[in-house]
Amino acid sequence: MARDATDSTIVESRDELVDVIASGSKPKAQWRIGTEHEKFGFYSDDLKPVPYEGPRGIERILRLMEGLLGWQPIEDRGLIIGLVDPVGGGAISLEPGGQFELSGAPLETIHQTCRELHAHLAQVRECAAPLGVGFIGLGTSPIWSLAETPVMPKSRYEIMARYMPKVGTRGLDMMFRTSTVQVNLDFADEADMVKKMRVSLALQPIATALFANSPFLDNNANGLLSNRAEIWRDTDNQRSGLIPFAFEDGFGFERYVDWALDVPMYFVKRGDTYHDVAGQSFRDLLKGELPSLPGEVATLSDWNNHLTTLFPDVRLKKYIEMRGADAGPWRSLTALPALWVGLLYDQASLDAAWELVKDWTAEERQALRDGVPRTALATPFRNRTVRDIARDMLQISRRGLAARNQLNSDGHDEAVHLQPLEEIVASGQTLAERLLHECRTEWNGDIGEVFRRHAY
C-alpha cells in the first residue's frame, strides 16, 4: 500500500462507483504486471525487530532510500512513511509492524520485474546494511511476539488496530506479523474480469500451498506450513476469504461493488486527518448520512481508499490482485507473477485453467482454502492432491508464458521464472518444509537461525 487517495471529486451514485472499477478495462497491448512484496527488517546482531524511530530505525532507512533514489517522500503527520517514484510509478511503503514493502511499477515482462526486484534489494542493502539491519522474506515473523513487534506511525493503522479485535481473533497478527508477495494484473472487459476472478479465486489455495513459507510463529513450529494463510482464516470474514458470490450467475462489476458497499468502512480521510468511522456504512456516506460525519458526502478518494481495506484472496480494483502467497526468497518473488501471468494473460491458458476448475463446488474450494495452511501440497482433493493440481497449473502457466514469447538476453522466455515452483512440485516439499527440516537437522532447534541463513 503506497499512499491513500486524495481525489475530492464527489460521488453521487452507486453507478459511478461501478464506473470507477470498470474504467480499469484496457486492451491487451496495455496490460501490465505490478509486483508487490513485503519483508521483515531485523537487527543482525541480536535478531530484534527494527523500530520506526532511532538512528538505526525504519525512519532512518527511508530517509537514506530517499537520498539514494530521489523519490518523493510520503508523510503522515509530518513523519515519513513511504516513498513514491513520480516517473516510474513504483513506491516503497510500510506495513503496520514495519514490514518494508516495494510496490513495483507497472511493467511489461517478468524479466523487467526480476531486474526491478534485484535493484530494489540491492538498494535496501546499501542503505540498511551499514546500520546493521537485514531483511528476510517469510510469510510470518518467526520469533517475535505481538508485544515485541514495533508499531508504525500510520493513522489508518491505528484505526484498524482498534477495530480488528472486534471482528476476528487474528487481525492484529495479520497486520503486524505477516508478509506477502502479490501481483496486480489487468483485464480487457467485464467478461474477461469475471473469468480471471473465478480462475484466480479457485486456484488461490493452490498458490498458497506452492508458496507456503511460514512454519514458525512465536518462536515455535506449530504444525502449520503457512501460518499466514491460517491467520487470514479469522481476521475479518466480512471482508476476506474466497467471496463465493463471484461464482454466481450475474457476477460482474456491479455485484462486486454491491458487496464492497456492504463491507464496513475503517476511516474517512479529510485533508491530513483520518476520521475513525470503523464499522459504519459506505452507503450512508454516499447518502451524506454517516453517523460520525453528518453532512459529509462520498468522494472518489473515499471509494478508492475503501477498496484497499477489502481483503479477499483475490481483490478487484481497476485491476486484479492475487493475494494468496507467503513472502519468500528472491526467486519466489518473480515466480509469483510468472505463475499468474502465464495463467491469465494468454487466452488459451486462461481457457485451460477454467476447464481445470469450472466444476469445483463452493464447498470444495473452501475445503482447499481451509486445508492448505496445514498440509499444503499434500492436501487431498477428490482422488488427487494439491500437488497434482499444482503440477497441472504450472504446465498451463508454462504454455502461456511460452506463447507470450518474451525473451531475456539469454534467449529464455518468462517460464524460466517458474523453475523454483517446478522444483517444489517435483520434490513435493514446500519452502516451509525445507525450513522445518533445516531447523531439526542443522539449527539445533534454534529458529532464529532462519535470519542468519535466509536473509536477502
# chains A, B, ... in the order shown; residues from 1 in each chain; ligands from 1

$ residues_around --residues "Gln429 in chain A" --least-positions-apart "3" --cutoff "10 Å" --atoms "only C-alpha atoms" --output "PyMOL selection string"
chain A and resi 210+212+376-378+387+423-426+432-434

$ write_last_selection --atoms "N, CA and C atoms" --output "PDB file, in the first residue's frame"
ATOM      1  N   LEU A 210       1.812 -23.743  -2.852  1.00  0.00           N
ATOM      2  CA  LEU A 210       3.094 -23.657  -3.551  1.00  0.00           C
ATOM      3  C   LEU A 210       4.056 -22.695  -2.868  1.00  0.00           C
ATOM      4  N   ALA A 212       3.897 -21.757   0.400  1.00  0.00           N
ATOM      5  CA  ALA A 212       3.886 -21.885   1.861  1.00  0.00           C
ATOM      6  C   ALA A 212       5.298 -21.699   2.419  1.00  0.00           C
ATOM      7  N   ALA A 376      -0.634 -28.074   2.901  1.00  0.00           N
ATOM      8  CA  ALA A 376      -0.056 -27.545   1.655  1.00  0.00           C
ATOM      9  C   ALA A 376      -0.251 -28.511   0.487  1.00  0.00           C
ATOM     10  N   LEU A 377       0.840 -28.974  -0.115  1.00  0.00           N
ATOM     11  CA  LEU A 377       0.743 -29.786  -1.328  1.00  0.00           C
ATOM     12  C   LEU A 377       0.101 -31.145  -1.081  1.00  0.00           C
ATOM     13  N   ALA A 378       0.121 -31.612   0.164  1.00  0.00           N
ATOM     14  CA  ALA A 378      -0.451 -32.928   0.479  1.00  0.00           C
ATOM     15  C   ALA A 378      -1.955 -32.874   0.723  1.00  0.00           C
ATOM     16  N   ARG A 387      -0.813 -31.125  -4.771  1.00  0.00           N
ATOM     17  CA  ARG A 387       0.420 -31.235  -5.577  1.00  0.00           C
ATOM     18  C   ARG A 387       0.102 -31.584  -7.025  1.00  0.00           C
ATOM     19  N   GLU A 423      10.539 -27.002  -9.029  1.00  0.00           N
ATOM     20  CA  GLU A 423      11.363 -27.777  -8.098  1.00  0.00           C
ATOM     21  C   GLU A 423      10.543 -28.202  -6.882  1.00  0.00           C
ATOM     22  N   ILE A 424       9.690 -27.311  -6.403  1.00  0.00           N
ATOM     23  CA  ILE A 424       8.845 -27.631  -5.248  1.00  0.00           C
ATOM     24  C   ILE A 424       7.879 -28.758  -5.591  1.00  0.00           C
ATOM     25  N   VAL A 425       7.233 -28.668  -6.750  1.00  0.00           N
ATOM     26  CA  VAL A 425       6.282 -29.717  -7.139  1.00  0.00           C
ATOM     27  C   VAL A 425       7.008 -31.042  -7.371  1.00  0.00           C
ATOM     28  N   ALA A 426       8.184 -30.991  -8.013  1.00  0.00           N
ATOM     29  CA  ALA A 426       8.925 -32.227  -8.281  1.00  0.00           C
ATOM     30  C   ALA A 426       9.319 -32.930  -6.984  1.00  0.00           C
ATOM     31  N   ALA A 432       8.424 -24.140   3.366  1.00  0.00           N
ATOM     32  CA  ALA A 432       8.197 -24.304   4.803  1.00  0.00           C
ATOM     33  C   ALA A 432       8.752 -25.627   5.305  1.00  0.00           C
ATOM     34  N   GLU A 433       8.528 -26.688   4.550  1.00  0.00           N
ATOM     35  CA  GLU A 433       9.020 -28.000   4.974  1.00  0.00           C
ATOM     36  C   GLU A 433      10.538 -28.066   4.928  1.00  0.00           C
ATOM     37  N   ARG A 434      11.146 -27.350   3.984  1.00  0.00           N
ATOM     38  CA  ARG A 434      12.609 -27.284   3.959  1.00  0.00           C
ATOM     39  C   ARG A 434      13.135 -26.571   5.196  1.00  0.00           C
TER      40      ARG A 434
END

$ residues_around --residues "Leu310 in chain A" --least-positions-apart "4" --cutoff "10 Å" --atoms "only C-alpha atoms" --output "ChimeraX atom specification"
/A:236,238-241,259-260,263-265,305-306,314-317

$ write_last_selection --atoms "C-alpha atoms" --output "PDB file, in the first residue's frame"
ATOM      1  CA  ASP A 236     -12.346 -10.292   9.433  1.00  0.00           C
ATOM      2  CA  GLN A 238     -16.805  -9.835   6.260  1.00  0.00           C
ATOM      3  CA  ARG A 239     -14.003  -8.520   4.073  1.00  0.00           C
ATOM      4  CA  SER A 240     -11.774 -11.524   3.360  1.00  0.00           C
ATOM      5  CA  GLY A 241     -11.802 -15.060   2.011  1.00  0.00           C
ATOM      6  CA  TRP A 259     -20.518  -6.426  -1.824  1.00  0.00           C
ATOM      7  CA  ALA A 260     -17.948  -3.683  -1.223  1.00  0.00           C
ATOM      8  CA  VAL A 263     -18.367  -4.169   3.976  1.00  0.00           C
ATOM      9  CA  PRO A 264     -17.976  -1.738   6.907  1.00  0.00           C
ATOM     10  CA  MET A 265     -15.583   1.162   6.477  1.00  0.00           C
ATOM     11  CA  ASN A 305      -9.386   4.052  -0.074  1.00  0.00           C
ATOM     12  CA  HIS A 306     -12.292   1.809   0.933  1.00  0.00           C
ATOM     13  CA  VAL A 314      -8.346 -12.055  -4.955  1.00  0.00           C
ATOM     14  CA  ARG A 315      -9.155  -8.342  -4.847  1.00  0.00           C
ATOM     15  CA  LEU A 316     -10.752  -6.294  -7.607  1.00  0.00           C
ATOM     16  CA  LYS A 317      -9.974  -2.618  -8.122  1.00  0.00           C
TER      17      LYS A 317
END

$ residues_around --residues "Pro153 in chain A" --least-positions-apart "3" --cutoff "8 Å" --atoms "only C-alpha atoms" --output "list in words"
Tyr52, Asp76, Leu79, Ile81, Tyr157 and Glu158 of chain A

$ write_last_selection --atoms "C-alpha atoms" --output "mmCIF file, in the first residue's frame"
data_model
loop_
_atom_site.group_PDB
_atom_site.id
_atom_site.type_symbol
_atom_site.label_atom_id
_atom_site.label_comp_id
_atom_site.auth_asym_id
_atom_site.auth_seq_id
_atom_site.Cartn_x
_atom_site.Cartn_y
_atom_site.Cartn_z
ATOM 1 C CA TYR A 52 10.447 3.188 13.449
ATOM 2 C CA ASP A 76 1.683 11.189 7.787
ATOM 3 C CA LEU A 79 6.580 11.587 9.631
ATOM 4 C CA ILE A 81 6.005 6.563 5.962
ATOM 5 C CA TYR A 157 -3.290 1.518 11.083
ATOM 6 C CA GLU A 158 -4.251 2.982 14.450
#

$ closest_residue --among "A:Asn213, A:Thr180, A:Gln123, A:Gln30" --to "Pro373 in chain A" --atoms "only C-alpha atoms"
A:Asn213

$ atom_distance --atom1 "CA of Lys318 in chain A" --atom2 "CA of Asn184 in chain A"
9.6 Å

$ select_by_dssp --residues "range 213-451 of chain A" --states "strand (DSSP E)" --output "PyMOL selection string"
chain A and resi 216-217+220-221+240-241+267-270+273-276+311-312+314-316+320-326+380-381+384-385

$ residues_around --residues "Ser332 in chain A" --least-positions-apart "2" --cutoff "9 Å" --atoms "only C-alpha atoms" --output "list in words"
Val181, Phe211, Ala327, Gly328, Pro329, Trp330, Thr334, Ala335, Leu336, His417, Leu418, Pro420 and Leu421 of chain A

$ residues_around --residues "Asp19 in chain A" --least-positions-apart "3" --cutoff "10 Å" --atoms "only C-alpha atoms" --output "PyMOL selection string"
chain A and resi 14-16+22-24+253-254+257+318

$ write_last_selection --atoms "C-alpha atoms" --output "PDB file, in the first residue's frame"
ATOM      1  CA  ARG A  14     -23.633   3.595  -6.951  1.00  0.00           C
ATOM      2  CA  ASP A  15     -23.301   3.589 -10.746  1.00  0.00           C
ATOM      3  CA  GLU A  16     -20.379   5.998 -10.513  1.00  0.00           C
ATOM      4  CA  ALA A  22     -14.978  -0.712 -14.989  1.00  0.00           C
ATOM      5  CA  SER A  23     -12.606   2.061 -16.098  1.00  0.00           C
ATOM      6  CA  GLY A  24      -9.751  -0.353 -15.490  1.00  0.00           C
ATOM      7  CA  PHE A 253     -18.611  -5.116 -11.711  1.00  0.00           C
ATOM      8  CA  GLU A 254     -21.972  -4.271 -10.129  1.00  0.00           C
ATOM      9  CA  VAL A 257     -19.477  -3.040  -5.863  1.00  0.00           C
ATOM     10  CA  LYS A 318      -9.087  -1.173 -11.523  1.00  0.00           C
TER      11      LYS A 318
END

$ residues_around --residues "Ile143 in chain A" --least-positions-apart "2" --cutoff "9 Å" --atoms "only C-alpha atoms" --output "list in words"
Ser141, Ser145, Phe216, Leu217, Asp218, Asn219, Asn220, Ile447 and Gly448 of chain A

$ residues_around --residues "Leu350 in chain A" --least-positions-apart "3" --cutoff "10 Å" --atoms "only C-alpha atoms" --output "PyMOL selection string"
chain A and resi 192+195-196+199-200+340-347+353-356+396-397+400

$ write_last_selection --atoms "N, CA and C atoms" --output "JSON list (two decimals), in the first residue's frame"
[["chain", "number", "residue", "atom", "x", "y", "z"],
["A", 192, "ASP", "N", -13.92, -10.68, -19.29],
["A", 192, "ASP", "CA", -12.55, -11.11, -19.02],
["A", 192, "ASP", "C", -12.25, -11.03, -17.53],
["A", 195, "LYS", "N", -13.95, -14.04, -15.68],
["A", 195, "LYS", "CA", -13.26, -15.32, -15.86],
["A", 195, "LYS", "C", -11.95, -15.35, -15.08],
["A", 196, "LYS", "N", -11.21, -14.25, -15.12],
["A", 196, "LYS", "CA", -9.95, -14.19, -14.37],
["A", 196, "LYS", "C", -10.18, -14.25, -12.87],
["A", 199, "VAL", "N", -11.13, -18.01, -12.01],
["A", 199, "VAL", "CA", -9.95, -18.88, -12.09],
["A", 199, "VAL", "C", -9.00, -18.59, -10.93],
["A", 200, "SER", "N", -8.78, -17.33, -10.66],
["A", 200, "SER", "CA", -7.82, -16.94, -9.62],
["A", 200, "SER", "C", -8.31, -17.32, -8.23],
["A", 340, "TRP", "N", 1.02, -16.37, -12.42],
["A", 340, "TRP", "CA", -0.29, -15.82, -12.75],
["A", 340, "TRP", "C", -0.33, -15.19, -14.14],
["A", 341, "VAL", "N", 0.75, -14.60, -14.59],
["A", 341, "VAL", "CA", 0.78, -14.06, -15.95],
["A", 341, "VAL", "C", 0.62, -15.19, -16.96],
["A", 342, "GLY", "N", 1.30, -16.30, -16.71],
["A", 342, "GLY", "CA", 1.17, -17.44, -17.62],
["A", 342, "GLY", "C", -0.24, -17.99, -17.66],
["A", 343, "LEU", "N", -0.94, -17.95, -16.53],
["A", 343, "LEU", "CA", -2.31, -18.47, -16.48],
["A", 343, "LEU", "C", -3.33, -17.51, -17.07],
["A", 344, "LEU", "N", -3.14, -16.22, -16.87],
["A", 344, "LEU", "CA", -4.22, -15.26, -17.15],
["A", 344, "LEU", "C", -4.00, -14.38, -18.36],
["A", 345, "TYR", "N", -2.77, -14.22, -18.83],
["A", 345, "TYR", "CA", -2.52, -13.27, -19.92],
["A", 345, "TYR", "C", -2.47, -13.91, -21.30],
["A", 346, "ASP", "N", -2.64, -15.22, -21.37],
["A", 346, "ASP", "CA", -2.76, -15.92, -22.66],
["A", 346, "ASP", "C", -4.13, -16.58, -22.69],
["A", 347, "GLN", "N", -4.90, -16.32, -23.74],
["A", 347, "GLN", "CA", -6.29, -16.78, -23.76],
["A", 347, "GLN", "C", -6.41, -18.29, -23.70],
["A", 353, "ALA", "N", -7.17, -23.16, -17.77],
["A", 353, "ALA", "CA", -7.28, -23.04, -16.32],
["A", 353, "ALA", "C", -8.74, -23.10, -15.88],
["A", 354, "TRP", "N", -9.61, -22.47, -16.67],
["A", 354, "TRP", "CA", -11.04, -22.52, -16.34],
["A", 354, "TRP", "C", -11.57, -23.95, -16.45],
["A", 355, "GLU", "N", -11.13, -24.69, -17.47],
["A", 355, "GLU", "CA", -11.53, -26.09, -17.60],
["A", 355, "GLU", "C", -11.11, -26.90, -16.38],
["A", 356, "LEU", "N", -9.97, -26.54, -15.81],
["A", 356, "LEU", "CA", -9.45, -27.26, -14.65],
["A", 356, "LEU", "C", -10.34, -27.08, -13.42],
["A", 396, "ILE", "N", 0.09, -25.38, -17.45],
["A", 396, "ILE", "CA", -0.72, -24.39, -18.17],
["A", 396, "ILE", "C", 0.00, -23.05, -18.18],
["A", 397, "SER", "N", 0.56, -22.65, -17.04],
["A", 397, "SER", "CA", 1.26, -21.37, -16.97],
["A", 397, "SER", "C", 2.47, -21.35, -17.88],
["A", 400, "GLY", "N", 1.42, -20.71, -21.34],
["A", 400, "GLY", "CA", 1.02, -19.32, -21.52],
["A", 400, "GLY", "C", 2.21, -18.39, -21.63]]

$ closest_residue --among "A:Leu94, A:Phe247, A:Asp326, A:Thr208" --to "Thr379 in chain A" --atoms "only C-alpha atoms"
A:Thr208

$ closest_residue --among "A:Ala367, A:Leu300, A:Ala455, A:Ala105" --to "Ile10 in chain A" --atoms "only C-alpha atoms"
A:Leu300
